[in-house]
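Asker: What follows is entry_23.cif; its format and atoms are mmCIF, C-alpha atoms and all ligand atoms.
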```cif
data_my_file
#
loop_
_atom_site.label_atom_id
_atom_site.label_comp_id
_atom_site.auth_asym_id
_atom_site.auth_seq_id
_atom_site.Cartn_x
_atom_site.Cartn_y
_atom_site.Cartn_z
CA MET A 1 52.25 161.61 157.13
CA SER A 2 50.09 161.78 154.01
CA ASP A 3 46.49 160.62 154.35
CA ALA A 4 45.98 160.16 150.60
CA THR A 5 44.24 156.82 150.15
CA ILE A 6 44.93 154.15 147.58
CA ALA A 7 42.28 153.50 144.92
CA ASP A 8 40.55 150.11 144.65
CA TRP A 9 40.72 147.97 141.54
CA ASP A 10 38.90 144.67 140.99
CA GLY A 11 41.51 143.36 138.50
CA ASP A 12 42.33 139.70 139.21
CA PHE A 13 45.99 138.85 138.77
CA PHE A 14 45.35 135.24 139.84
CA ASP A 15 42.83 134.53 137.09
CA GLU A 16 44.36 131.82 134.89
CA ALA A 17 43.89 133.89 131.74
CA VAL A 18 45.89 136.71 133.39
CA LEU A 19 48.59 134.42 134.80
CA THR A 20 49.24 133.00 131.33
CA ASN A 21 49.21 136.44 129.68
CA PRO A 22 50.05 139.02 132.37
CA GLU A 23 51.14 141.97 130.22
CA PRO A 24 47.72 143.69 129.88
CA PHE A 25 47.30 143.42 133.67
CA TYR A 26 50.79 144.85 134.23
CA ALA A 27 50.05 147.79 131.89
CA GLU A 28 46.77 148.63 133.58
CA LEU A 29 48.32 148.35 137.02
CA ARG A 30 51.05 150.85 136.08
CA ALA A 31 48.50 153.17 134.47
CA ARG A 32 46.25 153.20 137.55
CA GLY A 33 48.89 154.75 139.79
CA PRO A 34 51.90 154.07 141.98
CA LEU A 35 49.86 151.71 144.21
CA VAL A 36 46.42 150.16 143.90
CA ARG A 37 44.33 148.02 146.24
CA LEU A 38 43.29 144.72 144.67
CA SER A 39 39.86 144.55 146.28
CA ARG A 40 39.31 140.81 145.63
CA TYR A 41 42.28 139.87 147.76
CA ASP A 42 42.51 142.90 150.03
CA VAL A 43 46.18 143.43 149.13
CA LEU A 44 48.03 146.38 147.68
CA ALA A 45 49.84 145.98 144.36
CA VAL A 46 52.70 147.94 142.88
CA GLY A 47 53.99 147.76 139.28
CA ARG A 48 55.83 150.96 138.39
CA TYR A 49 59.60 150.50 138.46
CA GLN A 50 60.44 153.13 141.07
CA GLU A 51 57.91 152.13 143.71
CA THR A 52 58.46 148.40 143.14
CA TYR A 53 62.19 148.93 143.65
CA THR A 54 61.60 150.98 146.82
CA ILE A 55 59.19 148.54 148.47
CA PHE A 56 61.04 145.38 147.46
CA SER A 57 64.39 146.58 148.76
CA ASP A 58 63.35 148.39 151.99
CA TRP A 59 63.45 145.45 154.40
CA LYS A 60 63.05 147.68 157.46
CA ARG A 61 59.58 148.94 156.53
CA PHE A 62 58.50 146.08 154.24
CA VAL A 63 59.38 142.75 155.78
CA SER A 64 59.69 139.25 154.33
CA SER A 65 59.19 137.49 157.69
CA ARG A 66 55.39 137.73 157.33
CA GLY A 67 55.67 135.69 154.12
CA VAL A 68 56.42 136.64 150.52
CA GLY A 69 53.04 135.32 149.35
CA LEU A 70 49.47 136.39 150.14
CA THR A 71 49.42 134.56 153.49
CA ASP A 72 50.35 136.81 156.44
CA PHE A 73 52.35 134.51 158.72
CA LYS A 74 51.39 136.72 161.66
CA LYS A 75 47.74 135.82 161.13
CA GLU A 76 47.69 132.44 159.36
CA LYS A 77 49.72 129.25 159.54
CA PRO A 78 52.09 128.81 156.56
CA TRP A 79 51.75 125.60 154.49
CA ARG A 80 55.32 124.54 155.38
CA GLN A 81 57.89 125.65 157.91
CA PRO A 82 58.93 129.06 156.48
CA SER A 83 62.22 129.40 154.64
CA ILE A 84 65.00 130.47 157.00
CA VAL A 85 66.50 132.75 154.33
CA LEU A 86 63.71 134.01 152.03
CA GLU A 87 61.10 134.44 154.76
CA VAL A 88 63.14 136.02 157.55
CA ASP A 89 64.55 139.50 158.24
CA PRO A 90 67.91 140.56 159.69
CA PRO A 91 69.57 139.57 161.95
CA GLU A 92 68.30 136.03 161.22
CA HIS A 93 68.64 136.59 157.50
CA THR A 94 72.24 137.81 157.74
CA ARG A 95 73.29 134.62 159.54
CA THR A 96 71.76 132.16 157.08
CA ARG A 97 72.55 134.21 153.99
CA THR A 98 76.26 134.11 154.95
CA VAL A 99 76.19 130.32 154.70
CA LEU A 100 74.51 130.40 151.27
CA ASN A 101 76.82 133.15 149.99
CA ARG A 102 79.78 130.94 150.78
CA ALA A 103 78.25 127.81 149.19
CA LEU A 104 77.39 129.70 145.99
CA SER A 105 80.54 131.83 145.82
CA PRO A 106 81.83 132.92 142.39
CA GLY A 107 84.76 130.46 142.81
CA ALA A 108 82.41 127.53 143.50
CA VAL A 109 80.31 128.40 140.44
CA ASN A 110 83.34 128.97 138.19
CA ARG A 111 84.50 125.43 138.89
CA LEU A 112 81.27 124.15 137.34
CA LYS A 113 81.43 126.06 134.07
CA ASP A 114 83.28 123.39 132.05
CA THR A 115 80.78 120.74 133.16
CA PHE A 116 77.84 122.99 132.28
CA ARG A 117 79.35 123.63 128.87
CA ALA A 118 79.98 119.91 128.19
CA GLU A 119 76.42 118.99 129.23
CA ALA A 120 74.98 121.75 127.03
CA GLU A 121 77.01 120.51 124.06
CA ALA A 122 75.92 116.91 124.53
CA LEU A 123 72.26 117.89 124.87
CA ILE A 124 72.18 120.29 121.93
CA ASP A 125 74.04 117.79 119.70
CA ARG A 126 71.29 115.26 120.46
CA LEU A 127 68.55 117.80 119.79
CA LEU A 128 70.13 118.77 116.46
CA GLU A 129 69.72 115.14 115.41
CA VAL A 130 66.01 115.35 116.21
CA GLY A 131 65.48 118.82 114.70
CA THR A 132 61.91 119.45 115.93
CA PHE A 133 61.03 119.02 119.61
CA ASP A 134 59.28 120.55 122.61
CA ALA A 135 61.89 122.87 124.10
CA VAL A 136 60.29 122.86 127.56
CA PRO A 137 60.78 119.20 128.57
CA ASP A 138 63.59 118.42 126.12
CA LEU A 139 65.87 121.38 126.80
CA ALA A 140 64.62 123.94 129.36
CA GLU A 141 63.83 121.21 131.93
CA ALA A 142 66.36 118.58 130.86
CA PHE A 143 69.42 120.81 131.23
CA PRO A 144 68.91 122.24 134.76
CA LEU A 145 67.50 118.93 136.02
CA LYS A 146 70.82 117.35 135.10
CA VAL A 147 73.37 119.98 136.05
CA PHE A 148 71.76 121.71 139.05
CA PRO A 149 71.05 118.74 141.37
CA ASP A 150 74.54 117.44 140.46
CA ALA A 151 75.96 120.81 141.55
CA VAL A 152 73.97 120.79 144.81
CA GLY A 153 74.98 117.18 145.44
CA ILE A 154 71.63 115.37 145.16
CA SER A 155 71.41 111.74 144.04
CA PRO A 156 69.91 111.08 140.57
CA GLU A 157 66.77 109.15 141.63
CA GLY A 158 63.43 110.93 141.62
CA ARG A 159 64.60 114.26 140.25
CA GLU A 160 61.24 114.82 138.54
CA ASN A 161 59.98 115.53 142.09
CA LEU A 162 62.01 118.76 142.02
CA LEU A 163 59.67 120.26 139.42
CA LEU A 164 56.62 119.19 141.43
CA TYR A 165 58.13 120.72 144.57
CA GLY A 166 58.97 123.98 142.78
CA SER A 167 55.42 124.15 141.50
CA MET A 168 54.16 123.86 145.09
CA VAL A 169 56.52 126.50 146.43
CA PHE A 170 55.65 129.09 143.79
CA ASN A 171 51.92 128.39 143.56
CA ALA A 172 51.60 128.44 147.35
CA LEU A 173 52.37 132.18 147.28
CA GLY A 174 48.98 132.84 145.67
CA PRO A 175 45.36 132.31 146.73
CA ASP A 176 43.57 128.96 147.05
CA ASN A 177 42.88 128.63 143.31
CA ALA A 178 43.09 125.76 140.81
CA PRO A 179 46.86 126.05 140.08
CA ARG A 180 47.61 126.04 143.82
CA ARG A 181 45.34 123.07 144.54
CA ALA A 182 46.76 121.07 141.60
CA ALA A 183 50.33 121.69 142.80
CA MET A 184 49.55 120.92 146.45
CA ALA A 185 47.99 117.57 145.55
CA HIS A 186 51.55 116.22 145.22
CA ALA A 187 52.58 117.28 148.73
CA PRO A 188 52.13 113.90 150.50
CA VAL A 189 54.76 112.27 148.26
CA VAL A 190 57.03 115.18 147.37
CA VAL A 191 57.51 116.90 150.75
CA PRO A 192 58.94 113.81 152.52
CA TRP A 193 61.09 113.10 149.44
CA ILE A 194 62.59 116.61 149.52
CA ASN A 195 63.25 116.50 153.26
CA GLN A 196 64.99 113.16 152.92
CA ARG A 197 67.14 114.39 149.96
CA CYS A 198 68.36 117.38 152.00
CA ALA A 199 69.67 115.33 154.94
CA ARG A 200 73.42 115.17 155.46
CA GLU A 201 73.61 111.41 154.83
CA ALA A 202 71.88 111.80 151.43
CA ILE A 203 74.22 114.40 149.86
CA THR A 204 77.50 114.03 147.98
CA ALA A 205 80.83 115.19 149.41
CA ASP A 206 81.60 117.94 146.92
CA GLY A 207 78.45 119.95 146.12
CA PHE A 208 76.85 123.20 147.37
CA ALA A 209 75.00 121.13 150.01
CA ALA A 210 78.27 119.85 151.50
CA THR A 211 79.52 123.45 151.85
CA ILE A 212 76.25 124.39 153.55
CA TYR A 213 76.75 121.58 156.08
CA GLN A 214 80.23 122.98 156.83
CA GLY A 215 78.29 125.89 158.34
CA VAL A 216 77.39 123.48 161.18
CA GLU A 217 81.05 122.85 161.97
CA ARG A 218 81.65 126.61 161.89
CA GLY A 219 78.86 127.12 164.42
CA GLU A 220 76.81 129.30 162.04
CA VAL A 221 73.77 127.06 161.72
CA ASN A 222 72.59 123.82 163.32
CA GLU A 223 72.06 120.52 161.53
CA VAL A 224 68.32 121.07 160.96
CA GLU A 225 68.93 124.59 159.61
CA ALA A 226 71.58 123.30 157.21
CA GLY A 227 69.03 120.85 155.79
CA MET A 228 66.56 123.72 155.41
CA LEU A 229 69.12 125.79 153.51
CA VAL A 230 69.70 122.90 151.11
CA ARG A 231 65.91 122.82 150.72
CA SER A 232 66.01 126.55 149.85
CA LEU A 233 68.34 125.84 146.93
CA LEU A 234 66.09 123.05 145.68
CA SER A 235 62.99 125.26 146.09
CA ALA A 236 64.38 128.29 144.33
CA GLY A 237 66.95 126.95 141.91
CA VAL A 238 65.08 124.62 139.55
CA ASP A 239 61.84 126.13 138.20
CA THR A 240 63.45 129.54 137.96
CA THR A 241 66.26 128.40 135.66
CA VAL A 242 63.92 126.11 133.71
CA THR A 243 61.81 129.20 133.10
CA GLY A 244 64.77 131.43 132.25
CA ILE A 245 66.09 128.97 129.66
CA GLY A 246 62.63 128.25 128.20
CA SER A 247 61.86 131.95 127.94
CA ALA A 248 65.26 132.57 126.30
CA LEU A 249 64.39 130.06 123.58
CA TRP A 250 60.96 131.67 123.14
CA CYS A 251 62.52 135.15 122.83
CA LEU A 252 65.07 133.95 120.26
CA ALA A 253 62.59 131.86 118.24
CA THR A 254 60.19 134.79 117.99
CA ASN A 255 62.89 137.43 117.29
CA PRO A 256 65.10 135.94 114.54
CA ASP A 257 66.83 139.30 113.93
CA GLN A 258 67.97 139.28 117.57
CA TYR A 259 69.17 135.68 117.29
CA ALA A 260 71.21 136.72 114.22
CA LEU A 261 72.85 139.48 116.31
CA LEU A 262 73.66 136.97 119.04
CA ARG A 263 75.11 134.53 116.52
CA ALA A 264 77.36 137.26 115.15
CA ASP A 265 78.75 138.42 118.50
CA ALA A 266 79.72 136.11 121.39
CA SER A 267 79.97 139.08 123.77
CA LEU A 268 76.17 139.39 123.61
CA VAL A 269 75.55 136.08 125.39
CA ARG A 270 75.46 137.64 128.84
CA PRO A 271 73.44 140.78 128.01
CA ALA A 272 71.05 138.65 125.93
CA PHE A 273 70.18 136.56 128.97
CA GLU A 274 69.72 139.66 131.15
CA GLU A 275 67.35 141.01 128.50
CA VAL A 276 65.42 137.71 128.52
CA LEU A 277 65.04 138.13 132.28
CA ARG A 278 63.90 141.75 131.98
CA PHE A 279 61.55 141.02 129.11
CA THR A 280 59.91 137.89 130.57
CA SER A 281 60.47 138.09 134.39
CA PRO A 282 60.41 134.40 135.45
CA VAL A 283 59.29 135.49 138.93
CA SER A 284 56.25 137.62 138.18
CA ALA A 285 55.46 138.81 141.71
CA PHE A 286 56.38 138.30 145.35
CA CYS A 287 54.93 140.09 148.39
CA ARG A 288 56.22 142.22 151.21
CA THR A 289 54.28 143.20 154.37
CA ALA A 290 54.35 146.69 155.93
CA ASN A 291 55.43 146.29 159.57
CA GLN A 292 54.48 149.91 160.46
CA ASP A 293 52.18 152.68 159.25
CA THR A 294 54.13 154.31 156.45
CA GLU A 295 53.88 155.94 153.04
CA VAL A 296 55.25 155.59 149.53
CA SER A 297 54.88 158.28 146.87
CA GLY A 298 52.57 160.23 149.19
CA LEU A 299 50.17 157.31 149.66
CA PHE A 300 49.36 156.03 153.14
CA ILE A 301 50.13 152.32 153.75
CA PRO A 302 48.71 150.94 157.04
CA GLU A 303 50.70 148.49 159.17
CA GLY A 304 49.93 144.91 158.17
CA SER A 305 49.29 145.70 154.48
CA LYS A 306 50.37 142.97 152.10
CA ILE A 307 51.93 144.44 148.98
CA LEU A 308 52.14 142.38 145.81
CA CYS A 309 55.32 143.61 144.12
CA MET A 310 54.96 142.97 140.39
CA LEU A 311 58.54 142.48 139.21
CA GLY A 312 57.19 141.61 135.75
CA ALA A 313 55.37 144.94 135.51
CA ALA A 314 58.36 146.96 136.75
CA ASN A 315 60.62 145.30 134.19
CA LEU A 316 58.31 146.51 131.40
CA ASP A 317 57.85 150.09 132.70
CA GLU A 318 58.40 152.46 129.73
CA ASN A 319 59.53 155.20 132.13
CA LYS A 320 62.51 153.06 133.03
CA TRP A 321 63.07 151.11 129.81
CA PRO A 322 62.65 152.91 126.48
CA GLU A 323 60.90 150.57 124.01
CA ALA A 324 60.25 148.27 126.96
CA HIS A 325 58.11 145.96 124.85
CA ARG A 326 60.90 145.16 122.42
CA PHE A 327 63.35 142.32 123.08
CA LYS A 328 66.84 143.65 122.28
CA VAL A 329 69.84 141.41 122.96
CA ALA A 330 72.22 144.38 123.08
CA ARG A 331 70.16 146.45 125.57
CA LYS A 332 72.22 145.65 128.74
CA PRO A 333 69.29 146.18 131.14
CA THR A 334 71.24 147.02 134.30
CA GLY A 335 68.90 147.35 137.27
CA HIS A 336 66.21 144.94 136.10
CA LEU A 337 64.33 143.38 138.99
CA ALA A 338 64.11 139.78 137.77
CA PHE A 339 66.58 138.65 140.47
CA GLY A 340 64.99 140.96 143.05
CA VAL A 341 66.95 143.74 144.75
CA GLY A 342 68.38 144.47 148.20
CA ILE A 343 69.30 141.99 150.92
CA HIS A 344 67.12 139.18 149.50
CA GLY A 345 68.42 139.64 145.93
CA CYS A 346 68.86 136.21 144.34
CA VAL A 347 71.74 134.36 145.99
CA GLY A 348 71.83 131.88 143.09
CA GLN A 349 72.12 134.39 140.27
CA THR A 350 75.67 133.37 139.36
CA VAL A 351 74.49 129.78 139.02
CA ALA A 352 71.51 130.85 136.91
CA ARG A 353 73.79 132.91 134.66
CA ALA A 354 76.34 130.11 134.33
CA GLU A 355 73.63 127.62 133.28
CA SER A 356 71.98 129.94 130.79
CA GLU A 357 75.23 131.18 129.35
CA ALA A 358 76.36 127.61 128.72
CA VAL A 359 73.14 126.93 126.79
CA LEU A 360 73.17 130.21 124.84
CA SER A 361 76.88 129.92 123.97
CA VAL A 362 76.48 126.41 122.56
CA LEU A 363 73.30 127.39 120.72
CA ARG A 364 74.87 130.36 118.95
CA GLU A 365 77.84 128.24 117.88
CA LYS A 366 76.00 125.13 116.70
CA VAL A 367 72.49 126.24 115.75
CA ALA A 368 71.88 128.34 112.62
CA THR A 369 68.14 128.96 113.07
CA ILE A 370 65.54 128.54 115.79
CA GLU A 371 61.89 128.81 114.80
CA LEU A 372 58.52 127.98 116.29
CA ALA A 373 57.11 124.64 115.16
CA GLY A 374 53.76 125.17 116.89
CA GLU A 375 51.98 127.53 119.30
CA PRO A 376 53.77 128.22 122.59
CA VAL A 377 51.58 127.41 125.61
CA TRP A 378 52.03 129.25 128.91
CA GLN A 379 51.43 127.62 132.29
CA ALA A 380 49.23 129.29 134.92
CA ASN A 381 51.36 129.69 138.07
CA ASN A 382 50.68 132.09 140.96
CA SER A 383 54.12 133.68 141.05
CA MET A 384 55.98 132.58 137.93
CA HIS A 385 55.58 133.38 134.27
CA LEU A 386 56.57 130.10 132.67
CA LEU A 387 56.02 128.05 129.55
CA LYS A 388 54.24 124.71 129.51
CA SER A 389 55.16 123.84 125.93
CA LEU A 390 57.36 125.40 123.25
CA PRO A 391 57.52 123.40 120.00
CA ILE A 392 60.61 124.53 118.06
CA ARG A 393 62.66 123.52 115.03
CA ILE A 394 66.44 124.06 114.96
CA THR A 395 68.93 123.71 112.12
CA ARG A 396 72.66 122.98 112.26
CA ALA A 397 75.12 125.81 111.65
C1 LIG B 1 66.72 132.73 136.25
C2 LIG B 1 66.78 132.15 137.43
C3 LIG B 1 66.37 132.80 138.73
C4 LIG B 1 65.50 133.84 138.97
C5 LIG B 1 64.71 134.66 137.95
C6 LIG B 1 65.48 134.05 140.41
C7 LIG B 1 64.74 135.04 141.04
C8 LIG B 1 64.84 135.35 142.39
C9 LIG B 1 64.20 136.48 143.03
C10 LIG B 1 63.29 137.47 142.35
C11 LIG B 1 64.56 136.46 144.34
C12 LIG B 1 64.19 137.48 145.40
C13 LIG B 1 63.07 137.06 146.32
C14 LIG B 1 62.67 138.13 147.31
O1 LIG B 1 63.34 139.16 147.43
O2 LIG B 1 61.65 137.95 147.99
C15 LIG B 1 65.40 135.30 144.55
C16 LIG B 1 65.91 134.90 145.76
C17 LIG B 1 66.53 133.68 145.95
N1 LIG B 1 67.00 132.83 144.99
FE1 LIG B 1 66.77 133.05 142.99
N2 LIG B 1 66.29 133.14 141.00
C18 LIG B 1 66.86 132.35 140.03
C19 LIG B 1 67.75 131.31 140.21
C20 LIG B 1 68.15 130.82 141.43
C21 LIG B 1 69.05 129.71 141.62
C22 LIG B 1 69.72 128.91 140.50
C23 LIG B 1 69.14 129.51 142.97
C24 LIG B 1 69.97 128.49 143.73
C25 LIG B 1 71.19 128.17 143.36
C26 LIG B 1 68.33 130.52 143.63
C27 LIG B 1 68.17 130.66 144.99
C28 LIG B 1 67.56 131.73 145.60
C29 LIG B 1 67.45 131.87 147.04
C30 LIG B 1 67.92 130.87 148.09
C31 LIG B 1 66.81 133.11 147.26
C32 LIG B 1 66.49 133.75 148.61
C33 LIG B 1 67.60 134.75 148.94
C34 LIG B 1 67.34 135.57 150.19
O3 LIG B 1 66.21 135.63 150.66
O4 LIG B 1 68.34 136.15 150.67
N3 LIG B 1 67.75 131.30 142.65
N4 LIG B 1 65.58 134.64 143.33
#
```
Take the structure I supplied and represent it as C-alpha cells, if you would.

Answerer:
Amino acid sequence: MSDATIADWDGDFFDEAVLTNPEPFYAELRARGPLVRLSRYDVLAVGRYQETYTIFSDWKRFVSSRGVGLTDFKKEKPWRQPSIVLEVDPPEHTRTRTVLNRALSPGAVNRLKDTFRAEAEALIDRLLEVGTFDAVPDLAEAFPLKVFPDAVGISPEGRENLLLYGSMVFNALGPDNAPRRAAMAHAPVVVPWINQRCAREAITADGFAATIYQGVERGEVNEVEAGMLVRSLLSAGVDTTVTGIGSALWCLATNPDQYALLRADASLVRPAFEEVLRFTSPVSAFCRTANQDTEVSGLFIPEGSKILCMLGAANLDENKWPEAHRFKVARKPTGHLAFGVGIHGCVGQTVARAESEAVLSVLREKVATIELAGEPVWQANNSMHLLKSLPIRITRA
C-alpha cells in the first residue's frame, strides 16, 4: 500500500461566499491534486472527475452508512433517524431501494407526463401575462410544489413546509454554521409535520407513497420503514428539482444563443437539461466514509476518513469535459455526476427529468425570449448550489 500522504489545504468550502460562488474553490481543489485534506474540518476532499467517480461509486470501501454529511454516525449522533436508503449500505440498501425502484418505475412516471405538461402550460401562460417576475418562487418553486407532492400523494395543506424541510436535510450535511442553524430553527414545527404527512392514513390511494406502502403487504418493509421511505422522497425530491428548474432558467437567460438553439430543435430538450445539471450541479457535494485503510491514485486514505465528494467540481473538470465552463445545450454530457453514480444513484431521476422536460418543452414553444430583469442571487446551502432569487422577463412567441 502506498504511504504517500495527502496535502493539507485551509480552503473553506462552507464559507458563505464560497457556497454562493463555488467555482473558484472547485478549480483550486482540482488543481491541488487528486485528494486534499481540508484542515479546518479534518476531512478529505476530492474534485477531479476520475477520483470523485471512483470514491462515490465504490460502496464497499467508501460507505454511506456513516452518513453522507460531515457527521460520522459511528462517532456522533445524527440530527434525525438516518435515511434507510441514502444512509445505509447493502444488504439493507438493496431491500429498501427495491421498494423505491418499484414506486418510481418508468411506467409510474410516464403516467404523470400529461399532468406535468398541463400544469406547466397553465403556469407559463399565467407568467406570460405578468411578463417580469422572480423565477425562483413563481416558477422554479411553484411548479414542483404543485406536481411533486400530488405525485407522491400528499395533501395540499402546508406544502411550504417541504422547502423548509429540504433546507434542513441539505444544510445538516455541513458544519454547524449560519445556514445550518437558520434551517434547523424550523425543526420543531416542520419535523412533526413531515412525519405526520408520511403516515399511511395521510396519503392518497394512487401516488408513489401508496406504492411504497404496498411493500408492507409484500413483506419487504414494515409500516414504520414505509413511512420513512415516503419521507426520503419528500427530503430528496423537492429542493433538488426546484434547483434544477431554477438553474435551467438561469442558464437559458444568460445564454440567449443556447436558448435560440433549444427553440429551434425540440430534440434538444432532454440534453439541454442534462447540460444544466452538469454545468450547475444542484447537489454540490456529499460525503463518503472509508471503512478500511485504503488508497486512491496512490494516496493513502486511513479508515474512518470522511471524504467530501465535490460533484460540482467533477462536473466542471476540463480533463473530462472540453470547454467545461461553457453551457452548450447540444453537448449530451453522458456520465455527469449530478445524479450521483453507482448503487445510490438518484432513484428519482426519471421524475426530475419528467418535471424539467415539461417546463422546458412548454417554454421553448410559448416563450420567444428569456432575459435577466435583475441580478440573480444565490443561496448559501451546505450541500446544494441553488438560487434564492432570479428576476427574469419573458416574451410571448
Ligand atoms: C434535479 C433533481 C435531482 C438531483 C440533482 C438529485 C441528485 C441526487 C444525488 C446526487 C443522489 C446521490 C446521493 C448519494 O449517492 O449519496 C441522489 C439520490 C437520491 N435521490 Fe435524487 N436528485 C434529484 C431529484 C430527485 C427526485 C425528484 C427524487 C424523488 C422522487 C429523488 C430521490 C432520491 C433518493 C431517495 C435518493 C437516494 C437513493 C439511494 O440512496 O439509493 N431525487 N439524488

Asker: Could you please determine the separation between CA of Arg396 in chain A and CA of Thr369 in chain A in Å, to one decimal place?

Answerer: 7.5 Å

Asker: Could you please determine the separation between CA of Arg61 in chain A and CA of Ile84 in chain A in Å, to one decimal place?

Answerer: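 So the answer is 19.3 Å.
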
Asker: Taking 5 positions as the minimum chain separation for residues in the same chain, which residues sit within 10 Å of Thr94 in chain A when counting all atoms listed in the file? Answer as a PyMOL selection string.

Answerer: chain A and resi 85+88-89+99+343-344

Asker: If we count all atoms listed in the file, what is near range 69-77 of chain A at a cut-off of 9 Å, once residues fewer than 4 positions away on the same chain are taken out, given as a list of chain:residue names?

Answerer: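 The residues that qualify are A:Tyr41, A:Val43, A:Ser65, A:Pro82, A:Phe170, A:Ala172, A:Leu173, A:Gly174, A:Pro175, A:Ala285, A:Phe286, A:Cys287, A:Arg288, A:Thr289, A:Gly304, A:Lys306, A:Ile307, A:Leu308, A:Ser383.
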
Asker: Output as JSON the centre and edge lengths (Å, one decimal) of the box along x, y and z of the file that holds every listed atom of ligand LIG 1 (chain B) after adding 8 Å on each side.

Answerer:
```
{"center_x": 66.4, "center_y": 133.7, "center_z": 143.5, "size_x": 25.5, "size_y": 27.0, "size_z": 30.4}
```

Asker: Which residues, written as an MDAnalysis selection string, have at least one atom at most 8 Å from Val46 in chain A, with all atoms listed in the file counted and residues fewer than 4 positions away on the same chain left out?

Answerer: chainID A and resid 29:30 34:36 51:52 307:310

Asker: Which residues of chain A sit at most 6 Å from ligand LIG 1 (chain B), using only C-alpha atoms and all ligand atoms? Give each one's shortest atom pair and distance in Å (one decimal place), in chain and ascending residue order, as a Markdown table.

Answerer:
```
| residue | atom | partner | partner_atom | distance |
| --- | --- | --- | --- | --- |
| A:Val68 | CA | B:LIG1 | O2 | 6.0 |
| A:Val85 | CA | B:LIG1 | O3 | 4.7 |
| A:Leu86 | CA | B:LIG1 | O3 | 3.3 |
| A:Arg97 | CA | B:LIG1 | O4 | 5.7 |
| A:Ser232 | CA | B:LIG1 | C30 | 5.0 |
| A:Leu233 | CA | B:LIG1 | C24 | 4.5 |
| A:Ala236 | CA | B:LIG1 | C27 | 4.5 |
| A:Gly237 | CA | B:LIG1 | C21 | 3.5 |
| A:Thr240 | CA | B:LIG1 | C2 | 4.3 |
| A:Thr241 | CA | B:LIG1 | C2 | 4.2 |
| A:Gly244 | CA | B:LIG1 | C1 | 4.6 |
| A:Pro282 | CA | B:LIG1 | C5 | 5.0 |
| A:Val283 | CA | B:LIG1 | C5 | 5.6 |
| A:Phe286 | CA | B:LIG1 | O2 | 5.9 |
| A:Ala338 | CA | B:LIG1 | C5 | 5.2 |
| A:Phe339 | CA | B:LIG1 | C10 | 4.0 |
| A:Gly340 | CA | B:LIG1 | C10 | 3.9 |
| A:Ile343 | CA | B:LIG1 | O4 | 5.9 |
| A:His344 | CA | B:LIG1 | O4 | 3.5 |
| A:Gly345 | CA | B:LIG1 | C12 | 4.8 |
| A:Cys346 | CA | B:LIG1 | C16 | 3.5 |
| A:Val347 | CA | B:LIG1 | C28 | 5.0 |
| A:Gly348 | CA | B:LIG1 | C23 | 3.6 |
| A:Gln349 | CA | B:LIG1 | C19 | 5.3 |
| A:Val351 | CA | B:LIG1 | C22 | 5.1 |
| A:Ala352 | CA | B:LIG1 | C22 | 4.5 |
```

Asker: Identify, on the basis of only C-alpha atoms, every residue whose closest approach to range 314-325 of chain A does not exceed 8 Å; exclude the query and any residue fewer than 5 positions from it along the same chain; express the result as a list in words.

Answerer: Arg30, Gly47, Arg48, Tyr49, Gln50, Thr52, Arg278, Phe279, Ser281, His336, Leu337 and Ala338 of chain A

Asker: Could you name the residues that touch range 266-276 of chain A at 9 Å or less, counting only C-alpha atoms, but leaving out those on the same chain fewer than 2 positions away, as number ranges by chain?

Answerer: A: 244-245, 247-248, 251, 258, 261-264, 278-281, 327-334, 336, 338, 353, 356-357, 360-361, 364-365

Asker: In Å, how far is it from CA of Pro391 in chain A to CA of Ala373 in chain A?

Answerer: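 Going from CA of Pro391 in chain A over to CA of Ala373 in chain A, I get 5.0 Å.
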
Asker: Counting only C-alpha atoms, which residue out of A:Thr254, A:Asn222, A:Ser284, A:Ser305 sits closest to Leu38 in chain A?

Answerer: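 Nearest candidate to Leu38 in chain A out of A:Thr254, A:Asn222, A:Ser284, A:Ser305: A:Ser305.
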
Asker: For a quick check of understanding, using all atoms listed in the file, which of A:Asn171, A:His385, A:Ile370, A:Phe143 has the smallest distance to Gly312 in chain A?

Answerer: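 Comparing A:Asn171, A:His385, A:Ile370, A:Phe143 against Gly312 in chain A, the winner is A:His385.
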